[in-house]
Amino acid sequence: MQTAREPPSLLWGLDPVFSAFARLYIRDVLEMSESTQVPGVYFFNSRPIYKVHVLGTVVSRREREDFFCYGVDDGSGVIACLCWKSDLMKEQLEPSTGGRQSDAAAGGFDPAAELRKLKQAQEEQSRLEIGELLRVRGAVKTSRGQREIMASCFYKVSDPVMSVQLSWMSELPLLYKQVYERPLELKDHRDVSLLTRATDAVRVFLEDKPAVTFRPYDVQDLLLPLVSTRTPAEQEPAPGPSVCSQVSALLKQTLKVLQEEGLVYRKVLSQDQVYCVTLKDLDLTMAVRDIVREDCQRDKYAEKGVHLLHILSAVRRRYSPNVSKAALEKVLSSLECSSDVISSGNNYYLAFVM
């Protein structure tokens with residue numbers, strides 16, 4: 001990665017993944033590029049990462065006085081994991097005295113015996129053989145040109161029916177789709193435009209409130225603090241429009257952006273400007289679901305499914321001519337999450353039948 005593409009190191013903490021153990025495929029851990037600003041920090045799709053969490057099968061092992069070195073394979077690649085021994089494993093316990101043995105035989109508490117049991121249990125979890133399953137969390141390091149993990153936590157995983165591995169294999173693709181594969185743009189709040197701050201404020205308001213519909217004056221007060229606290233560089237040179245006019249203009253732009261994103265739409269175009277919150281409009285959701293179900297019963301759509309534009313045309317005829325494509329896509333995505341419809345690819349949708 002080029003230096004110009006790296007966000008400033010002072011902003012890395014704004015990414016929640018940076019302070020967590022990122023669950024990644026070993027292939028991606030091996031291929032991440034190292035930061036030119038801070039050694040030991042790596043970038044995956046513009047996200048700064050320095051510690052990871054991997055799960056895989058031990059394919060090689062070396063033991064030294066202070067550490068184990070396991071080669072871990074998750075099916076995408078193999079990485080060396082340095083797993084340091086604890087002090088308890090390195091200590092050689094002194095033999096128990098006769099008095100202590102007599103106390104244990106009499107039913108008393110023997111600290112040395114209990115310590116031996118603890119050491120034995122720890123060794124069983126830390127000393128793995130080839131073919132066993134290992135979970136590792138730790139910092140990523142590059143030593144002698146080879147990428148490796150310095151484990152801060154590691155242990156053997158008992159997985160006789162492969163339930164842990166199957167769960168891991170199903171969770172990772174979702175994490176990649178929802179988090180890692182989305183490029184992160186770390187920006188100082190001072191660099192965020194006024195329109196972006198206004199849009200975020202209204203979006204949060206609509207998510208928190210149960211209202212299905214709203215009017216512009218219901219959210220107008222949210223924008224007043226943004227306009228009144230604008231920096232000198234953002235303010236209009238005097239003489240300029242009043243604060244009220246600025247709020248009205250900003251509100252108009254904000255609602256336009258939300259409509260383009262499909263978060264809101266106007267069911268009826270009238271002087272009484274009423275906006276509907278797309279995902280809270282249950283009537284719209286039911287209309288889209290019924291259209292997909294009805295059309296999928298026809299032989300023409302039974303196998304491939306109904307195209308997005310066909311659904312949009314039907315919704316505009318039956319429900320409202322003002323429903324946008326972006327709004328429809330959000331409704332279909334919601335129906336897909338609730339298993340009411342299934343995306344068959346290339347903007348085709350099928351009704352889910354039990």
# chains A, B, ... in the order shown; residues from 1 in each chain; ligands from 1
call {"tool": "residues_around", "arguments": {"residues": "region 147-157 of chain A", "least_positions_apart": "2", "cutoff": "9 Å", "atoms": "only C-alpha atoms", "output": "PyMOL selection string"}}
result
chain A and resi 29-31+51-52+79-84+122+124-128+132-145+159+164
call {"tool": "select_by_dssp", "arguments": {"residues": "region 9-200 of chain A", "states": "alpha helix (DSSP H)", "output": "PyMOL selection string"}}
result
chain A and resi 26-31+87-90+98-105+111-126+163-175+194-200
call {"tool": "write_last_selection", "arguments": {"atoms": "N, CA and C atoms", "output": "short mmCIF file (atom, residue, chain, number, x, y, z; two decimals), in the first residue's frame"}}
result
data_model
loop_
_atom_site.label_atom_id
_atom_site.label_comp_id
_atom_site.auth_asym_id
_atom_site.auth_seq_id
_atom_site.Cartn_x
_atom_site.Cartn_y
_atom_site.Cartn_z
N ILE A 26 -6.05 -16.85 7.09
CA ILE A 26 -4.60 -16.79 7.20
C ILE A 26 -3.98 -16.24 5.92
N ARG A 27 -4.59 -16.55 4.78
CA ARG A 27 -4.09 -16.01 3.51
C ARG A 27 -4.00 -14.50 3.55
N ASP A 28 -5.04 -13.85 4.10
CA ASP A 28 -5.05 -12.39 4.15
C ASP A 28 -4.07 -11.85 5.18
N VAL A 29 -3.87 -12.60 6.27
CA VAL A 29 -2.87 -12.18 7.26
C VAL A 29 -1.48 -12.18 6.63
N LEU A 30 -1.23 -13.16 5.79
CA LEU A 30 0.08 -13.26 5.13
C LEU A 30 0.27 -12.18 4.07
N GLU A 31 -0.84 -11.75 3.44
CA GLU A 31 -0.73 -10.82 2.32
C GLU A 31 -0.93 -9.36 2.71
N ASP A 87 5.08 -19.25 32.97
CA ASP A 87 6.08 -19.53 34.01
C ASP A 87 5.77 -20.83 34.73
N LEU A 88 4.49 -21.14 34.87
CA LEU A 88 4.09 -22.36 35.57
C LEU A 88 4.58 -23.60 34.83
N MET A 89 4.56 -23.55 33.50
CA MET A 89 5.01 -24.70 32.72
C MET A 89 6.52 -24.85 32.76
N LYS A 90 7.26 -23.73 32.91
CA LYS A 90 8.71 -23.78 32.91
C LYS A 90 9.29 -24.12 34.28
N GLY A 98 7.76 -34.69 53.65
CA GLY A 98 6.99 -35.76 54.28
C GLY A 98 5.80 -35.25 55.03
N GLY A 99 5.98 -34.07 55.72
CA GLY A 99 4.87 -33.52 56.48
C GLY A 99 3.71 -33.15 55.60
N ARG A 100 4.01 -32.57 54.45
CA ARG A 100 2.94 -32.18 53.54
C ARG A 100 2.22 -33.41 53.00
N GLN A 101 2.99 -34.51 52.74
CA GLN A 101 2.36 -35.72 52.26
C GLN A 101 1.42 -36.29 53.30
N SER A 102 1.83 -36.22 54.53
CA SER A 102 0.96 -36.73 55.58
C SER A 102 -0.29 -35.89 55.72
N ASP A 103 -0.14 -34.56 55.49
CA ASP A 103 -1.33 -33.71 55.55
C ASP A 103 -2.30 -34.06 54.44
N ALA A 104 -1.77 -34.31 53.22
CA ALA A 104 -2.64 -34.67 52.10
C ALA A 104 -3.30 -36.01 52.35
N ALA A 105 -2.52 -36.97 52.91
CA ALA A 105 -3.10 -38.28 53.19
C ALA A 105 -4.19 -38.19 54.23
N PRO A 111 -0.99 -27.75 48.59
CA PRO A 111 -0.79 -26.78 47.50
C PRO A 111 0.06 -27.33 46.37
N ALA A 112 1.10 -28.10 46.71
CA ALA A 112 1.99 -28.63 45.67
C ALA A 112 1.24 -29.58 44.74
N ALA A 113 0.39 -30.41 45.30
CA ALA A 113 -0.38 -31.36 44.48
C ALA A 113 -1.36 -30.64 43.58
N GLU A 114 -1.99 -29.63 44.13
CA GLU A 114 -2.94 -28.86 43.33
C GLU A 114 -2.22 -28.11 42.21
N LEU A 115 -1.01 -27.64 42.51
CA LEU A 115 -0.23 -26.93 41.50
C LEU A 115 0.19 -27.88 40.38
N ARG A 116 0.48 -29.12 40.75
CA ARG A 116 0.82 -30.12 39.73
C ARG A 116 -0.38 -30.37 38.82
N LYS A 117 -1.57 -30.45 39.40
CA LYS A 117 -2.77 -30.68 38.59
C LYS A 117 -3.02 -29.51 37.63
N LEU A 118 -2.80 -28.30 38.14
CA LEU A 118 -2.97 -27.12 37.30
C LEU A 118 -1.96 -27.11 36.16
N LYS A 119 -0.72 -27.46 36.47
CA LYS A 119 0.31 -27.51 35.45
C LYS A 119 -0.01 -28.57 34.40
N GLN A 120 -0.50 -29.72 34.86
CA GLN A 120 -0.82 -30.80 33.93
C GLN A 120 -1.96 -30.39 32.99
N ALA A 121 -2.99 -29.74 33.56
CA ALA A 121 -4.12 -29.29 32.73
C ALA A 121 -3.68 -28.24 31.71
N GLN A 122 -2.79 -27.34 32.14
CA GLN A 122 -2.31 -26.30 31.23
C GLN A 122 -1.44 -26.90 30.13
N GLU A 123 -0.64 -27.87 30.47
CA GLU A 123 0.19 -28.51 29.46
C GLU A 123 -0.66 -29.24 28.43
N GLU A 124 -1.74 -29.86 28.87
CA GLU A 124 -2.61 -30.59 27.95
C GLU A 124 -3.24 -29.65 26.93
N GLN A 125 -3.56 -28.43 27.35
CA GLN A 125 -4.17 -27.46 26.43
C GLN A 125 -3.13 -26.74 25.58
N SER A 126 -1.89 -26.70 26.04
CA SER A 126 -0.86 -25.93 25.33
C SER A 126 0.04 -26.78 24.45
N SER A 163 -18.23 -28.85 15.05
CA SER A 163 -19.19 -27.76 15.24
C SER A 163 -18.49 -26.41 15.33
N VAL A 164 -17.31 -26.37 15.98
CA VAL A 164 -16.57 -25.11 16.10
C VAL A 164 -16.08 -24.66 14.73
N GLN A 165 -15.55 -25.59 13.94
CA GLN A 165 -15.04 -25.23 12.61
C GLN A 165 -16.16 -24.79 11.67
N LEU A 166 -17.30 -25.46 11.74
CA LEU A 166 -18.42 -25.07 10.89
C LEU A 166 -18.94 -23.68 11.26
N SER A 167 -19.00 -23.41 12.57
CA SER A 167 -19.43 -22.08 13.01
C SER A 167 -18.45 -21.01 12.54
N TRP A 168 -17.17 -21.32 12.63
CA TRP A 168 -16.13 -20.38 12.18
C TRP A 168 -16.25 -20.13 10.67
N MET A 169 -16.47 -21.18 9.90
CA MET A 169 -16.55 -21.07 8.45
C MET A 169 -17.79 -20.30 8.00
N SER A 170 -18.85 -20.33 8.81
CA SER A 170 -20.06 -19.59 8.45
C SER A 170 -20.01 -18.13 8.88
N GLU A 171 -19.25 -17.84 9.94
CA GLU A 171 -19.18 -16.47 10.46
C GLU A 171 -18.20 -15.61 9.66
N LEU A 172 -17.09 -16.20 9.22
CA LEU A 172 -16.07 -15.41 8.53
C LEU A 172 -16.58 -14.73 7.26
N PRO A 173 -17.29 -15.42 6.35
CA PRO A 173 -17.78 -14.72 5.16
C PRO A 173 -18.68 -13.54 5.49
N LEU A 174 -19.48 -13.65 6.55
CA LEU A 174 -20.34 -12.53 6.95
C LEU A 174 -19.50 -11.36 7.44
N LEU A 175 -18.46 -11.64 8.21
CA LEU A 175 -17.59 -10.57 8.69
C LEU A 175 -16.91 -9.86 7.53
N LEU A 194 -21.04 19.80 6.00
CA LEU A 194 -22.25 20.14 6.74
C LEU A 194 -23.41 19.25 6.31
N LEU A 195 -23.53 18.98 5.01
CA LEU A 195 -24.62 18.14 4.52
C LEU A 195 -24.50 16.72 5.07
N THR A 196 -23.29 16.20 5.18
CA THR A 196 -23.09 14.85 5.72
C THR A 196 -23.50 14.79 7.18
N ARG A 197 -23.14 15.82 7.95
CA ARG A 197 -23.53 15.84 9.37
C ARG A 197 -25.04 15.95 9.51
N ALA A 198 -25.66 16.74 8.64
CA ALA A 198 -27.11 16.88 8.70
C ALA A 198 -27.81 15.57 8.33
N THR A 199 -27.31 14.92 7.30
CA THR A 199 -27.90 13.65 6.88
C THR A 199 -27.77 12.59 7.98
N ASP A 200 -26.62 12.52 8.62
CA ASP A 200 -26.41 11.56 9.70
C ASP A 200 -27.34 11.85 10.87
#
call {"tool": "decode", "arguments": {"residues": "region 163-177 of chain A", "atoms": "all heavy atoms", "output": "PDB file, in the first residue's frame"}}
result
ATOM      1  N   SER A 163     -18.231 -28.851  15.051  1.00  0.00           N
ATOM      2  CA  SER A 163     -19.190 -27.757  15.241  1.00  0.00           C
ATOM      3  C   SER A 163     -18.489 -26.407  15.329  1.00  0.00           C
ATOM      4  O   SER A 163     -18.981 -25.402  14.800  1.00  0.00           O
ATOM      5  CB  SER A 163     -20.023 -27.995  16.509  1.00  0.00           C
ATOM      6  OG  SER A 163     -19.182 -28.082  17.648  1.00  0.00           O
ATOM      7  N   VAL A 164     -17.314 -26.367  15.982  1.00  0.00           N
ATOM      8  CA  VAL A 164     -16.567 -25.112  16.103  1.00  0.00           C
ATOM      9  C   VAL A 164     -16.079 -24.657  14.730  1.00  0.00           C
ATOM     10  O   VAL A 164     -16.177 -23.480  14.367  1.00  0.00           O
ATOM     11  CB  VAL A 164     -15.392 -25.275  17.079  1.00  0.00           C
ATOM     12  CG1 VAL A 164     -14.555 -24.003  17.129  1.00  0.00           C
ATOM     13  CG2 VAL A 164     -15.895 -25.630  18.469  1.00  0.00           C
ATOM     14  N   GLN A 165     -15.553 -25.589  13.936  1.00  0.00           N
ATOM     15  CA  GLN A 165     -15.040 -25.228  12.614  1.00  0.00           C
ATOM     16  C   GLN A 165     -16.157 -24.788  11.674  1.00  0.00           C
ATOM     17  O   GLN A 165     -15.992 -23.838  10.901  1.00  0.00           O
ATOM     18  CB  GLN A 165     -14.287 -26.421  12.017  1.00  0.00           C
ATOM     19  CG  GLN A 165     -13.046 -26.806  12.805  1.00  0.00           C
ATOM     20  CD  GLN A 165     -12.356 -28.023  12.238  1.00  0.00           C
ATOM     21  OE1 GLN A 165     -11.711 -27.951  11.201  1.00  0.00           O
ATOM     22  NE2 GLN A 165     -12.481 -29.154  12.916  1.00  0.00           N
ATOM     23  N   LEU A 166     -17.305 -25.457  11.739  1.00  0.00           N
ATOM     24  CA  LEU A 166     -18.423 -25.067  10.887  1.00  0.00           C
ATOM     25  C   LEU A 166     -18.942 -23.680  11.263  1.00  0.00           C
ATOM     26  O   LEU A 166     -19.291 -22.874  10.389  1.00  0.00           O
ATOM     27  CB  LEU A 166     -19.546 -26.103  10.986  1.00  0.00           C
ATOM     28  CG  LEU A 166     -19.249 -27.462  10.345  1.00  0.00           C
ATOM     29  CD1 LEU A 166     -20.374 -28.452  10.638  1.00  0.00           C
ATOM     30  CD2 LEU A 166     -19.056 -27.316   8.835  1.00  0.00           C
ATOM     31  N   SER A 167     -18.996 -23.407  12.566  1.00  0.00           N
ATOM     32  CA  SER A 167     -19.427 -22.083  13.015  1.00  0.00           C
ATOM     33  C   SER A 167     -18.451 -21.014  12.538  1.00  0.00           C
ATOM     34  O   SER A 167     -18.852 -19.940  12.068  1.00  0.00           O
ATOM     35  CB  SER A 167     -19.542 -22.061  14.539  1.00  0.00           C
ATOM     36  OG  SER A 167     -19.846 -20.768  15.010  1.00  0.00           O
ATOM     37  N   TRP A 168     -17.167 -21.318  12.625  1.00  0.00           N
ATOM     38  CA  TRP A 168     -16.130 -20.383  12.175  1.00  0.00           C
ATOM     39  C   TRP A 168     -16.245 -20.131  10.674  1.00  0.00           C
ATOM     40  O   TRP A 168     -16.172 -18.988  10.202  1.00  0.00           O
ATOM     41  CB  TRP A 168     -14.769 -20.963  12.524  1.00  0.00           C
ATOM     42  CG  TRP A 168     -13.593 -20.127  12.122  1.00  0.00           C
ATOM     43  CD1 TRP A 168     -12.913 -20.169  10.941  1.00  0.00           C
ATOM     44  CD2 TRP A 168     -12.942 -19.127  12.913  1.00  0.00           C
ATOM     45  NE1 TRP A 168     -11.883 -19.264  10.936  1.00  0.00           N
ATOM     46  CE2 TRP A 168     -11.873 -18.614  12.133  1.00  0.00           C
ATOM     47  CE3 TRP A 168     -13.137 -18.621  14.192  1.00  0.00           C
ATOM     48  CZ2 TRP A 168     -11.024 -17.622  12.611  1.00  0.00           C
ATOM     49  CZ3 TRP A 168     -12.288 -17.636  14.661  1.00  0.00           C
ATOM     50  CH2 TRP A 168     -11.251 -17.148  13.880  1.00  0.00           C
ATOM     51  N   MET A 169     -16.469 -21.184   9.902  1.00  0.00           N
ATOM     52  CA  MET A 169     -16.553 -21.068   8.449  1.00  0.00           C
ATOM     53  C   MET A 169     -17.790 -20.303   7.997  1.00  0.00           C
ATOM     54  O   MET A 169     -17.810 -19.698   6.922  1.00  0.00           O
ATOM     55  CB  MET A 169     -16.548 -22.462   7.818  1.00  0.00           C
ATOM     56  CG  MET A 169     -15.217 -23.191   7.973  1.00  0.00           C
ATOM     57  SD  MET A 169     -15.343 -24.950   7.569  1.00  0.00           S
ATOM     58  CE  MET A 169     -15.825 -24.852   5.845  1.00  0.00           C
ATOM     59  N   SER A 170     -18.853 -20.327   8.810  1.00  0.00           N
ATOM     60  CA  SER A 170     -20.064 -19.590   8.447  1.00  0.00           C
ATOM     61  C   SER A 170     -20.008 -18.129   8.883  1.00  0.00           C
ATOM     62  O   SER A 170     -20.628 -17.262   8.263  1.00  0.00           O
ATOM     63  CB  SER A 170     -21.293 -20.265   9.070  1.00  0.00           C
ATOM     64  OG  SER A 170     -21.221 -20.249  10.487  1.00  0.00           O
ATOM     65  N   GLU A 171     -19.255 -17.837   9.944  1.00  0.00           N
ATOM     66  CA  GLU A 171     -19.176 -16.472  10.457  1.00  0.00           C
ATOM     67  C   GLU A 171     -18.199 -15.608   9.663  1.00  0.00           C
ATOM     68  O   GLU A 171     -18.440 -14.414   9.465  1.00  0.00           O
ATOM     69  CB  GLU A 171     -18.759 -16.484  11.930  1.00  0.00           C
ATOM     70  CG  GLU A 171     -19.828 -17.025  12.873  1.00  0.00           C
ATOM     71  CD  GLU A 171     -19.315 -17.132  14.300  1.00  0.00           C
ATOM     72  OE1 GLU A 171     -18.135 -16.794  14.535  1.00  0.00           O
ATOM     73  OE2 GLU A 171     -20.089 -17.566  15.164  1.00  0.00           O
ATOM     74  N   LEU A 172     -17.092 -16.199   9.222  1.00  0.00           N
ATOM     75  CA  LEU A 172     -16.067 -15.406   8.534  1.00  0.00           C
ATOM     76  C   LEU A 172     -16.577 -14.728   7.260  1.00  0.00           C
ATOM     77  O   LEU A 172     -16.320 -13.540   7.060  1.00  0.00           O
ATOM     78  CB  LEU A 172     -14.850 -16.273   8.216  1.00  0.00           C
ATOM     79  CG  LEU A 172     -13.738 -16.294   9.270  1.00  0.00           C
ATOM     80  CD1 LEU A 172     -12.521 -17.030   8.754  1.00  0.00           C
ATOM     81  CD2 LEU A 172     -13.339 -14.897   9.692  1.00  0.00           C
ATOM     82  N   PRO A 173     -17.287 -15.422   6.354  1.00  0.00           N
ATOM     83  CA  PRO A 173     -17.780 -14.722   5.163  1.00  0.00           C
ATOM     84  C   PRO A 173     -18.678 -13.544   5.486  1.00  0.00           C
ATOM     85  O   PRO A 173     -18.649 -12.520   4.794  1.00  0.00           O
ATOM     86  CB  PRO A 173     -18.542 -15.821   4.397  1.00  0.00           C
ATOM     87  CG  PRO A 173     -17.919 -17.095   4.862  1.00  0.00           C
ATOM     88  CD  PRO A 173     -17.577 -16.870   6.292  1.00  0.00           C
ATOM     89  N   LEU A 174     -19.478 -13.654   6.553  1.00  0.00           N
ATOM     90  CA  LEU A 174     -20.337 -12.533   6.948  1.00  0.00           C
ATOM     91  C   LEU A 174     -19.501 -11.359   7.439  1.00  0.00           C
ATOM     92  O   LEU A 174     -19.807 -10.194   7.137  1.00  0.00           O
ATOM     93  CB  LEU A 174     -21.319 -12.982   8.040  1.00  0.00           C
ATOM     94  CG  LEU A 174     -22.409 -13.951   7.599  1.00  0.00           C
ATOM     95  CD1 LEU A 174     -23.262 -14.366   8.789  1.00  0.00           C
ATOM     96  CD2 LEU A 174     -23.292 -13.309   6.531  1.00  0.00           C
ATOM     97  N   LEU A 175     -18.459 -11.643   8.213  1.00  0.00           N
ATOM     98  CA  LEU A 175     -17.589 -10.569   8.693  1.00  0.00           C
ATOM     99  C   LEU A 175     -16.905  -9.858   7.527  1.00  0.00           C
ATOM    100  O   LEU A 175     -16.803  -8.632   7.512  1.00  0.00           O
ATOM    101  CB  LEU A 175     -16.531 -11.136   9.641  1.00  0.00           C
ATOM    102  CG  LEU A 175     -16.942 -11.344  11.092  1.00  0.00           C
ATOM    103  CD1 LEU A 175     -15.835 -12.047  11.858  1.00  0.00           C
ATOM    104  CD2 LEU A 175     -17.283 -10.025  11.760  1.00  0.00           C
ATOM    105  N   TYR A 176     -16.463 -10.624   6.565  1.00  0.00           N
ATOM    106  CA  TYR A 176     -15.822 -10.023   5.406  1.00  0.00           C
ATOM    107  C   TYR A 176     -16.806  -9.141   4.641  1.00  0.00           C
ATOM    108  O   TYR A 176     -16.467  -8.022   4.220  1.00  0.00           O
ATOM    109  CB  TYR A 176     -15.280 -11.111   4.474  1.00  0.00           C
ATOM    110  CG  TYR A 176     -13.868 -11.520   4.802  1.00  0.00           C
ATOM    111  CD1 TYR A 176     -13.602 -12.331   5.893  1.00  0.00           C
ATOM    112  CD2 TYR A 176     -12.799 -11.087   4.038  1.00  0.00           C
ATOM    113  CE1 TYR A 176     -12.299 -12.711   6.201  1.00  0.00           C
ATOM    114  CE2 TYR A 176     -11.497 -11.456   4.330  1.00  0.00           C
ATOM    115  CZ  TYR A 176     -11.255 -12.268   5.424  1.00  0.00           C
ATOM    116  OH  TYR A 176      -9.963 -12.623   5.732  1.00  0.00           O
ATOM    117  N   LYS A 177     -18.028  -9.637   4.458  1.00  0.00           N
ATOM    118  CA  LYS A 177     -19.012  -8.892   3.677  1.00  0.00           C
ATOM    119  C   LYS A 177     -19.474  -7.633   4.397  1.00  0.00           C
ATOM    120  O   LYS A 177     -19.628  -6.576   3.795  1.00  0.00           O
ATOM    121  CB  LYS A 177     -20.204  -9.796   3.377  1.00  0.00           C
ATOM    122  CG  LYS A 177     -21.292  -9.122   2.534  1.00  0.00           C
ATOM    123  CD  LYS A 177     -22.426 -10.092   2.242  1.00  0.00           C
ATOM    124  CE  LYS A 177     -23.517  -9.423   1.409  1.00  0.00           C
ATOM    125  NZ  LYS A 177     -24.644 -10.350   1.113  1.00  0.00           N
TER     126      LYS A 177
END
